[in-house]
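**Q** Let me give you the structure first, and then I'll get to my questions.
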Amino acid sequence: MAKRRIGFPRMDNYNVALKYLVETGCGCEYVMAPPMTRKTLELGSKYSPDFVCAPFKYTLGSMLEMLQSEGGVDAIVETGGVCRLGYYGALQKQILRDLGYEADFIDLAEMGKHKLRGYYAAAKRINPAISIAKAARTLPDALKAVRYIDEMEGRVRLDRGFERQRGSMKAVFDTFLQEISSAKNRKSLDAAYQKASAALSAVALDKPETPLRVGIVGEYYTVMDDFGNHNVEQILGYMGRGVEIHRWMTFTHRNLEYDEQADLQTIAPYVRYSMGPTTSATLAGAIRYADAGFDGIVHVKSFGCTPEVDAMAVLQNISADRGIPILYLSYDSQTGDAGIQTRLEAFYDMIDMKRRKQP
Ligand code: SF4
């Protein structure tokens, strides 16, 4: 019997870990959503309400591309989220139904209301013949793959701007992702990690002792997704003499290890309550980067992201109190590469000049 074809909307590089989970743990075929392009965004925007934030449009566009791909998809899984994204699945499902698509739509935000029972039901919808025991055994391996991805990507961010041969770290990372994508067991996941780790260590760098350092903070989806933020990390990393880029926000940190109470203590001089899914992390990150003597901070968010709009007012106070420049980037479907490039260039010139003037 043909395996069920399951797809998730594209989200940065995590789809390779989902592929592992779906194929090894659930016994289904994983439909890899095509890489995000301008066309994905146009497709998503065409059928989205104007006022929704960009992640809705990106994920809807990605779903439509899977549905329109050769072979199509039997079930789409929407992972939901802790703010409006939690309601977006219901709307996306309705939009797809109105467009005539009948693939099963599994909204994990809906399942999550019933905790374990809900996830059990979701697993059974993904594959009615699923072995829950096998899926449960595979889940820790898939999460390990996510941790590996986050670690490797973090290393690329830190050092990419200082490569002797431009692009060598990305080449290692891309090979690593391909190997994770074709891994069938924990041993091959570990082997891909070890190999990439050694290869990244072997990349020749010309890195000064005290490089310019910039911390990137902001809204969950846009800050992590290279397409969604127009490759802000790579562009800034490669500027001028090179920039060491730091970003705390990853799936691992936010979803597997996060302690919001600790962040609330850090930001207590400015804010008494959590203001949204990523605001405490955004503000605490900014304080940590400022106190560690970073040269600047870039705040990244989707246009219309209410929680991160609220964070911006507080970031301005942090910037003034601690004397650290912050660049605010807001993205929507109309944002163009040239505008982002120009603003990053101006920001780089400013932090570079500031550094050169330091005694
Ligand atoms: S965090 Fe912001 S951008 Fe993300 S779904 Fe919520 S409102 Fe939209």
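Residue numbering restarts at 1 for every chain of the structure tokens, chains are lettered A, B, ... in their displayed order, and ligands are numbered from 1 as they appear.
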Let me see if you get this right: every residue at most 7 Å from ligand 1, counting only C-alpha atoms and all ligand atoms, written as a list in words.
**A** Cys53, Ala54, Pro55, Cys83, Arg84, Leu85, Glu219, Tyr220, Tyr221, Pro277, Thr278, Lys301, Ser302, Gly304, Cys305, Thr306, Pro307 and Glu308 of chain A
**Q** Would you mind exporting the chosen residues as a PDB file, in the first residue's frame, restricted to N, CA, C and O atoms?
**A**
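Saved result, result-v5.pdb, follows:
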ATOM      1  N   CYS A  53      -0.077  38.811   9.954  1.00  0.00           N
ATOM      2  CA  CYS A  53       1.374  38.973   9.938  1.00  0.00           C
ATOM      3  C   CYS A  53       2.002  37.999   8.933  1.00  0.00           C
ATOM      4  O   CYS A  53       1.390  37.005   8.522  1.00  0.00           O
ATOM      5  N   ALA A  54       3.236  38.318   8.563  1.00  0.00           N
ATOM      6  CA  ALA A  54       3.871  37.611   7.454  1.00  0.00           C
ATOM      7  C   ALA A  54       3.973  36.085   7.640  1.00  0.00           C
ATOM      8  O   ALA A  54       3.824  35.354   6.652  1.00  0.00           O
ATOM      9  N   PRO A  55       4.204  35.547   8.863  1.00  0.00           N
ATOM     10  CA  PRO A  55       4.295  34.082   8.964  1.00  0.00           C
ATOM     11  C   PRO A  55       3.059  33.356   8.425  1.00  0.00           C
ATOM     12  O   PRO A  55       3.166  32.274   7.862  1.00  0.00           O
ATOM     13  N   CYS A  83       0.979  32.484  19.910  1.00  0.00           N
ATOM     14  CA  CYS A  83       0.171  33.706  19.844  1.00  0.00           C
ATOM     15  C   CYS A  83      -0.869  33.541  18.753  1.00  0.00           C
ATOM     16  O   CYS A  83      -1.479  32.492  18.636  1.00  0.00           O
ATOM     17  N   ARG A  84      -1.022  34.551  17.912  1.00  0.00           N
ATOM     18  CA  ARG A  84      -2.054  34.453  16.874  1.00  0.00           C
ATOM     19  C   ARG A  84      -1.886  33.204  16.013  1.00  0.00           C
ATOM     20  O   ARG A  84      -2.845  32.681  15.470  1.00  0.00           O
ATOM     21  N   LEU A  85      -0.649  32.766  15.895  1.00  0.00           N
ATOM     22  CA  LEU A  85      -0.369  31.585  15.073  1.00  0.00           C
ATOM     23  C   LEU A  85      -1.212  30.389  15.537  1.00  0.00           C
ATOM     24  O   LEU A  85      -1.550  29.521  14.747  1.00  0.00           O
ATOM     25  N   GLU A 219      11.119  38.470  16.705  1.00  0.00           N
ATOM     26  CA  GLU A 219       9.968  37.560  16.601  1.00  0.00           C
ATOM     27  C   GLU A 219      10.385  36.195  16.052  1.00  0.00           C
ATOM     28  O   GLU A 219      11.169  36.099  15.109  1.00  0.00           O
ATOM     29  N   TYR A 220       9.823  35.193  16.665  1.00  0.00           N
ATOM     30  CA  TYR A 220      10.198  33.789  16.472  1.00  0.00           C
ATOM     31  C   TYR A 220      10.405  33.383  15.008  1.00  0.00           C
ATOM     32  O   TYR A 220      11.469  32.907  14.626  1.00  0.00           O
ATOM     33  N   TYR A 221       9.396  33.568  14.190  1.00  0.00           N
ATOM     34  CA  TYR A 221       9.475  33.053  12.826  1.00  0.00           C
ATOM     35  C   TYR A 221      10.468  33.877  11.999  1.00  0.00           C
ATOM     36  O   TYR A 221      11.389  33.339  11.381  1.00  0.00           O
ATOM     37  N   PRO A 277       4.798  35.992  22.996  1.00  0.00           N
ATOM     38  CA  PRO A 277       5.543  34.738  22.887  1.00  0.00           C
ATOM     39  C   PRO A 277       7.063  34.896  22.927  1.00  0.00           C
ATOM     40  O   PRO A 277       7.761  34.021  23.422  1.00  0.00           O
ATOM     41  N   THR A 278       7.574  36.004  22.391  1.00  0.00           N
ATOM     42  CA  THR A 278       9.036  36.130  22.351  1.00  0.00           C
ATOM     43  C   THR A 278       9.546  37.420  22.979  1.00  0.00           C
ATOM     44  O   THR A 278      10.747  37.684  22.978  1.00  0.00           O
ATOM     45  N   LYS A 301      11.307  41.711  13.068  1.00  0.00           N
ATOM     46  CA  LYS A 301       9.932  41.264  13.305  1.00  0.00           C
ATOM     47  C   LYS A 301       9.118  41.370  12.027  1.00  0.00           C
ATOM     48  O   LYS A 301       9.505  42.073  11.096  1.00  0.00           O
ATOM     49  N   SER A 302       8.019  40.653  12.060  1.00  0.00           N
ATOM     50  CA  SER A 302       7.084  40.756  10.953  1.00  0.00           C
ATOM     51  C   SER A 302       6.251  42.031  11.133  1.00  0.00           C
ATOM     52  O   SER A 302       5.924  42.397  12.264  1.00  0.00           O
ATOM     53  N   GLY A 304       3.171  44.131  11.677  1.00  0.00           N
ATOM     54  CA  GLY A 304       1.896  43.778  12.317  1.00  0.00           C
ATOM     55  C   GLY A 304       2.034  42.813  13.462  1.00  0.00           C
ATOM     56  O   GLY A 304       1.041  42.323  13.977  1.00  0.00           O
ATOM     57  N   CYS A 305       3.272  42.532  13.886  1.00  0.00           N
ATOM     58  CA  CYS A 305       3.456  41.623  15.021  1.00  0.00           C
ATOM     59  C   CYS A 305       3.291  42.431  16.309  1.00  0.00           C
ATOM     60  O   CYS A 305       4.211  43.119  16.746  1.00  0.00           O
ATOM     61  N   THR A 306       2.106  42.364  16.886  1.00  0.00           N
ATOM     62  CA  THR A 306       1.798  43.217  18.045  1.00  0.00           C
ATOM     63  C   THR A 306       2.771  43.013  19.214  1.00  0.00           C
ATOM     64  O   THR A 306       3.253  43.992  19.779  1.00  0.00           O
ATOM     65  N   PRO A 307       3.076  41.773  19.615  1.00  0.00           N
ATOM     66  CA  PRO A 307       3.969  41.618  20.773  1.00  0.00           C
ATOM     67  C   PRO A 307       5.331  42.286  20.561  1.00  0.00           C
ATOM     68  O   PRO A 307       5.866  42.922  21.464  1.00  0.00           O
ATOM     69  N   GLU A 308       5.867  42.157  19.356  1.00  0.00           N
ATOM     70  CA  GLU A 308       7.202  42.735  19.143  1.00  0.00           C
ATOM     71  C   GLU A 308       7.141  44.245  18.916  1.00  0.00           C
ATOM     72  O   GLU A 308       8.129  44.944  19.139  1.00  0.00           O
TER      73      GLU A 308
END
**Q** Hey, which bits of segment 89-134 of chain A sit within 12 Å of segment 34-48 of chain A, and for each residue what's the closest pair of atoms and how far apart in Å (one decimal), counting only C-alpha atoms, rows by chain and increasing number, as a Markdown table?
**A**
| residue | atom | partner | partner_atom | distance |
| --- | --- | --- | --- | --- |
| A:Leu91 | CA | A:Ser48 | CA | 9.2 |
| A:Gln92 | CA | A:Ser48 | CA | 8.4 |
| A:Lys93 | CA | A:Ser48 | CA | 11.7 |
| A:Gln94 | CA | A:Tyr47 | CA | 11.0 |
| A:Ile95 | CA | A:Tyr47 | CA | 7.3 |
| A:Leu96 | CA | A:Tyr47 | CA | 9.0 |
| A:Arg97 | CA | A:Tyr47 | CA | 11.8 |
| A:Asp98 | CA | A:Tyr47 | CA | 10.2 |
| A:Leu99 | CA | A:Tyr47 | CA | 9.1 |
**Q** Quick one: write out the picked residues with N, CA, C and O atoms as a PDB file, in the first residue's frame?
**A**
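Written file, part-v2.pdb:
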ATOM      1  N   LEU A  91      -8.012  29.191  10.173  1.00  0.00           N
ATOM      2  CA  LEU A  91      -8.271  30.077   9.037  1.00  0.00           C
ATOM      3  C   LEU A  91      -7.628  29.534   7.751  1.00  0.00           C
ATOM      4  O   LEU A  91      -8.233  29.548   6.669  1.00  0.00           O
ATOM      5  N   GLN A  92      -6.398  29.036   7.903  1.00  0.00           N
ATOM      6  CA  GLN A  92      -5.715  28.486   6.722  1.00  0.00           C
ATOM      7  C   GLN A  92      -6.480  27.287   6.168  1.00  0.00           C
ATOM      8  O   GLN A  92      -6.629  27.129   4.959  1.00  0.00           O
ATOM      9  N   LYS A  93      -6.978  26.467   7.076  1.00  0.00           N
ATOM     10  CA  LYS A  93      -7.744  25.295   6.636  1.00  0.00           C
ATOM     11  C   LYS A  93      -8.955  25.743   5.817  1.00  0.00           C
ATOM     12  O   LYS A  93      -9.232  25.209   4.745  1.00  0.00           O
ATOM     13  N   GLN A  94      -9.650  26.765   6.319  1.00  0.00           N
ATOM     14  CA  GLN A  94     -10.842  27.236   5.621  1.00  0.00           C
ATOM     15  C   GLN A  94     -10.487  27.808   4.255  1.00  0.00           C
ATOM     16  O   GLN A  94     -11.185  27.578   3.253  1.00  0.00           O
ATOM     17  N   ILE A  95      -9.369  28.545   4.203  1.00  0.00           N
ATOM     18  CA  ILE A  95      -8.948  29.123   2.914  1.00  0.00           C
ATOM     19  C   ILE A  95      -8.655  27.993   1.919  1.00  0.00           C
ATOM     20  O   ILE A  95      -9.076  28.039   0.757  1.00  0.00           O
ATOM     21  N   LEU A  96      -7.960  26.961   2.383  1.00  0.00           N
ATOM     22  CA  LEU A  96      -7.631  25.846   1.481  1.00  0.00           C
ATOM     23  C   LEU A  96      -8.897  25.113   1.033  1.00  0.00           C
ATOM     24  O   LEU A  96      -9.018  24.729  -0.133  1.00  0.00           O
ATOM     25  N   ARG A  97      -9.844  24.951   1.945  1.00  0.00           N
ATOM     26  CA  ARG A  97     -11.114  24.302   1.577  1.00  0.00           C
ATOM     27  C   ARG A  97     -11.859  25.159   0.534  1.00  0.00           C
ATOM     28  O   ARG A  97     -12.381  24.642  -0.443  1.00  0.00           O
ATOM     29  N   ASP A  98     -11.885  26.491   0.772  1.00  0.00           N
ATOM     30  CA  ASP A  98     -12.573  27.382  -0.181  1.00  0.00           C
ATOM     31  C   ASP A  98     -11.926  27.316  -1.564  1.00  0.00           C
ATOM     32  O   ASP A  98     -12.574  27.525  -2.587  1.00  0.00           O
ATOM     33  N   LEU A  99     -10.606  27.033  -1.572  1.00  0.00           N
ATOM     34  CA  LEU A  99      -9.913  26.934  -2.866  1.00  0.00           C
ATOM     35  C   LEU A  99     -10.093  25.552  -3.494  1.00  0.00           C
ATOM     36  O   LEU A  99      -9.582  25.289  -4.580  1.00  0.00           O
TER      37      LEU A  99
END
**Q** Going by DSSP on the backbone, which bits of segment 65-305 of chain A are strand (DSSP E)? Write them as a list in words, please.
**A**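 The residues of segment 65-305 of chain A classed as strand (DSSP E) are Ala75, Ile76, Val77, Glu78, Asp104, Phe105, Ile106, Asp107, Leu212, Arg213, Val214, Gly215, Ile216, Val217, Gly218, Val243, Glu244, Ile245, His246, Gly296, Ile297, Val298, His299, Val300, Lys301 and Ser302 of chain A.
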**Q** Please produce a file of those selected residues containing N, CA and C atoms, as a PDB file, in the first residue's frame.
**A**
ATOM      1  N   ALA A  75      -1.778  14.871   3.653  1.00  0.00           N
ATOM      2  CA  ALA A  75      -2.103  15.597   4.891  1.00  0.00           C
ATOM      3  C   ALA A  75      -1.071  16.689   5.121  1.00  0.00           C
ATOM      4  N   ILE A  76      -1.570  17.849   5.531  1.00  0.00           N
ATOM      5  CA  ILE A  76      -0.693  18.968   5.879  1.00  0.00           C
ATOM      6  C   ILE A  76      -0.781  19.165   7.376  1.00  0.00           C
ATOM      7  N   VAL A  77       0.376  19.364   8.007  1.00  0.00           N
ATOM      8  CA  VAL A  77       0.376  19.581   9.449  1.00  0.00           C
ATOM      9  C   VAL A  77       0.761  21.029   9.725  1.00  0.00           C
ATOM     10  N   GLU A  78      -0.101  21.733  10.442  1.00  0.00           N
ATOM     11  CA  GLU A  78       0.201  23.111  10.858  1.00  0.00           C
ATOM     12  C   GLU A  78       0.565  23.044  12.333  1.00  0.00           C
ATOM     13  N   ASP A 104      -6.159  16.273   4.049  1.00  0.00           N
ATOM     14  CA  ASP A 104      -6.408  16.337   5.488  1.00  0.00           C
ATOM     15  C   ASP A 104      -5.569  17.488   6.068  1.00  0.00           C
ATOM     16  N   PHE A 105      -6.141  18.251   6.976  1.00  0.00           N
ATOM     17  CA  PHE A 105      -5.423  19.395   7.567  1.00  0.00           C
ATOM     18  C   PHE A 105      -5.350  19.149   9.071  1.00  0.00           C
ATOM     19  N   ILE A 106      -4.144  18.876   9.550  1.00  0.00           N
ATOM     20  CA  ILE A 106      -3.980  18.522  10.970  1.00  0.00           C
ATOM     21  C   ILE A 106      -3.385  19.730  11.690  1.00  0.00           C
ATOM     22  N   ASP A 107      -4.199  20.342  12.514  1.00  0.00           N
ATOM     23  CA  ASP A 107      -3.778  21.570  13.186  1.00  0.00           C
ATOM     24  C   ASP A 107      -3.343  21.212  14.610  1.00  0.00           C
ATOM     25  N   LEU A 212      33.797  42.960  15.577  1.00  0.00           N
ATOM     26  CA  LEU A 212      32.505  43.606  15.831  1.00  0.00           C
ATOM     27  C   LEU A 212      31.501  42.506  16.158  1.00  0.00           C
ATOM     28  N   ARG A 213      30.671  42.772  17.150  1.00  0.00           N
ATOM     29  CA  ARG A 213      29.673  41.762  17.538  1.00  0.00           C
ATOM     30  C   ARG A 213      28.280  42.379  17.538  1.00  0.00           C
ATOM     31  N   VAL A 214      27.372  41.673  16.893  1.00  0.00           N
ATOM     32  CA  VAL A 214      25.981  42.134  16.832  1.00  0.00           C
ATOM     33  C   VAL A 214      25.072  41.003  17.295  1.00  0.00           C
ATOM     34  N   GLY A 215      24.106  41.339  18.143  1.00  0.00           N
ATOM     35  CA  GLY A 215      23.111  40.364  18.591  1.00  0.00           C
ATOM     36  C   GLY A 215      21.812  40.571  17.832  1.00  0.00           C
ATOM     37  N   ILE A 216      21.228  39.489  17.375  1.00  0.00           N
ATOM     38  CA  ILE A 216      19.956  39.594  16.646  1.00  0.00           C
ATOM     39  C   ILE A 216      18.838  39.089  17.557  1.00  0.00           C
ATOM     40  N   VAL A 217      17.821  39.900  17.719  1.00  0.00           N
ATOM     41  CA  VAL A 217      16.687  39.518  18.580  1.00  0.00           C
ATOM     42  C   VAL A 217      15.399  39.716  17.785  1.00  0.00           C
ATOM     43  N   GLY A 218      14.308  39.147  18.290  1.00  0.00           N
ATOM     44  CA  GLY A 218      13.039  39.442  17.642  1.00  0.00           C
ATOM     45  C   GLY A 218      12.079  38.288  17.567  1.00  0.00           C
ATOM     46  N   VAL A 243      31.531  40.577  10.737  1.00  0.00           N
ATOM     47  CA  VAL A 243      30.801  40.780  11.996  1.00  0.00           C
ATOM     48  C   VAL A 243      30.476  39.411  12.592  1.00  0.00           C
ATOM     49  N   GLU A 244      30.727  39.286  13.897  1.00  0.00           N
ATOM     50  CA  GLU A 244      30.335  38.072  14.608  1.00  0.00           C
ATOM     51  C   GLU A 244      28.862  38.229  14.977  1.00  0.00           C
ATOM     52  N   ILE A 245      28.046  37.305  14.497  1.00  0.00           N
ATOM     53  CA  ILE A 245      26.597  37.427  14.710  1.00  0.00           C
ATOM     54  C   ILE A 245      26.148  36.432  15.779  1.00  0.00           C
ATOM     55  N   HIS A 246      25.397  36.939  16.731  1.00  0.00           N
ATOM     56  CA  HIS A 246      24.842  36.096  17.801  1.00  0.00           C
ATOM     57  C   HIS A 246      23.322  36.134  17.716  1.00  0.00           C
ATOM     58  N   GLY A 296      26.241  46.321  18.643  1.00  0.00           N
ATOM     59  CA  GLY A 296      24.902  46.717  18.228  1.00  0.00           C
ATOM     60  C   GLY A 296      23.937  45.555  18.315  1.00  0.00           C
ATOM     61  N   ILE A 297      22.675  45.897  18.128  1.00  0.00           N
ATOM     62  CA  ILE A 297      21.605  44.896  18.157  1.00  0.00           C
ATOM     63  C   ILE A 297      20.715  45.139  16.943  1.00  0.00           C
ATOM     64  N   VAL A 298      20.255  44.054  16.347  1.00  0.00           N
ATOM     65  CA  VAL A 298      19.255  44.183  15.280  1.00  0.00           C
ATOM     66  C   VAL A 298      17.968  43.525  15.770  1.00  0.00           C
ATOM     67  N   HIS A 299      16.892  44.279  15.710  1.00  0.00           N
ATOM     68  CA  HIS A 299      15.587  43.739  16.104  1.00  0.00           C
ATOM     69  C   HIS A 299      14.791  43.434  14.836  1.00  0.00           C
ATOM     70  N   VAL A 300      14.332  42.189  14.750  1.00  0.00           N
ATOM     71  CA  VAL A 300      13.695  41.688  13.536  1.00  0.00           C
ATOM     72  C   VAL A 300      12.268  41.265  13.868  1.00  0.00           C
ATOM     73  N   LYS A 301      11.307  41.711  13.068  1.00  0.00           N
ATOM     74  CA  LYS A 301       9.932  41.264  13.305  1.00  0.00           C
ATOM     75  C   LYS A 301       9.118  41.370  12.027  1.00  0.00           C
ATOM     76  N   SER A 302       8.019  40.653  12.060  1.00  0.00           N
ATOM     77  CA  SER A 302       7.084  40.756  10.953  1.00  0.00           C
ATOM     78  C   SER A 302       6.251  42.031  11.133  1.00  0.00           C
TER      79      SER A 302
END
**Q** Write out as a VMD selection string which residues come within 12 Å of Gly7 of chain A when counting only C-alpha atoms, dropping same-chain ones fewer than 6 positions away.
**A** chain A and resid 15 to 16 18 to 19 21 to 23 28 to 34 59 62 to 67 69 71 to 79 103 to 106 126
**Q** Can you tell me, as a PyMOL selection string, what residues are no more than 12 Å from Ala196 of chain A when counting only C-alpha atoms, ignoring any on the same chain fewer than 3 positions away?
**A** chain A and resi 148-149+151-153+155-156+168-180+189-193+199-203
**Q** Restricting the calculation to only C-alpha atoms, which member of A:Ser280, A:Gly89, A:Asp206, A:Ala198 is positioned closest to Asp259 of chain A?
**A**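 Closest candidate: A:Ser280.
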**Q** Between A:Ala262, A:Ala109, A:Ala290, A:Ala145, which is the closest to Ala17 of chain A once you count only C-alpha atoms?
**A** A:Ala145
**Q** Near Pro140 of chain A, counting only C-alpha atoms, which residues have an atom at most 12 Å away, once you skip same-chain residues fewer than 4 positions from it, shown as a ChimeraX atom specification?
**A** /A:17-18,20-21,24-25,134-136,144-147,185-186,189,256
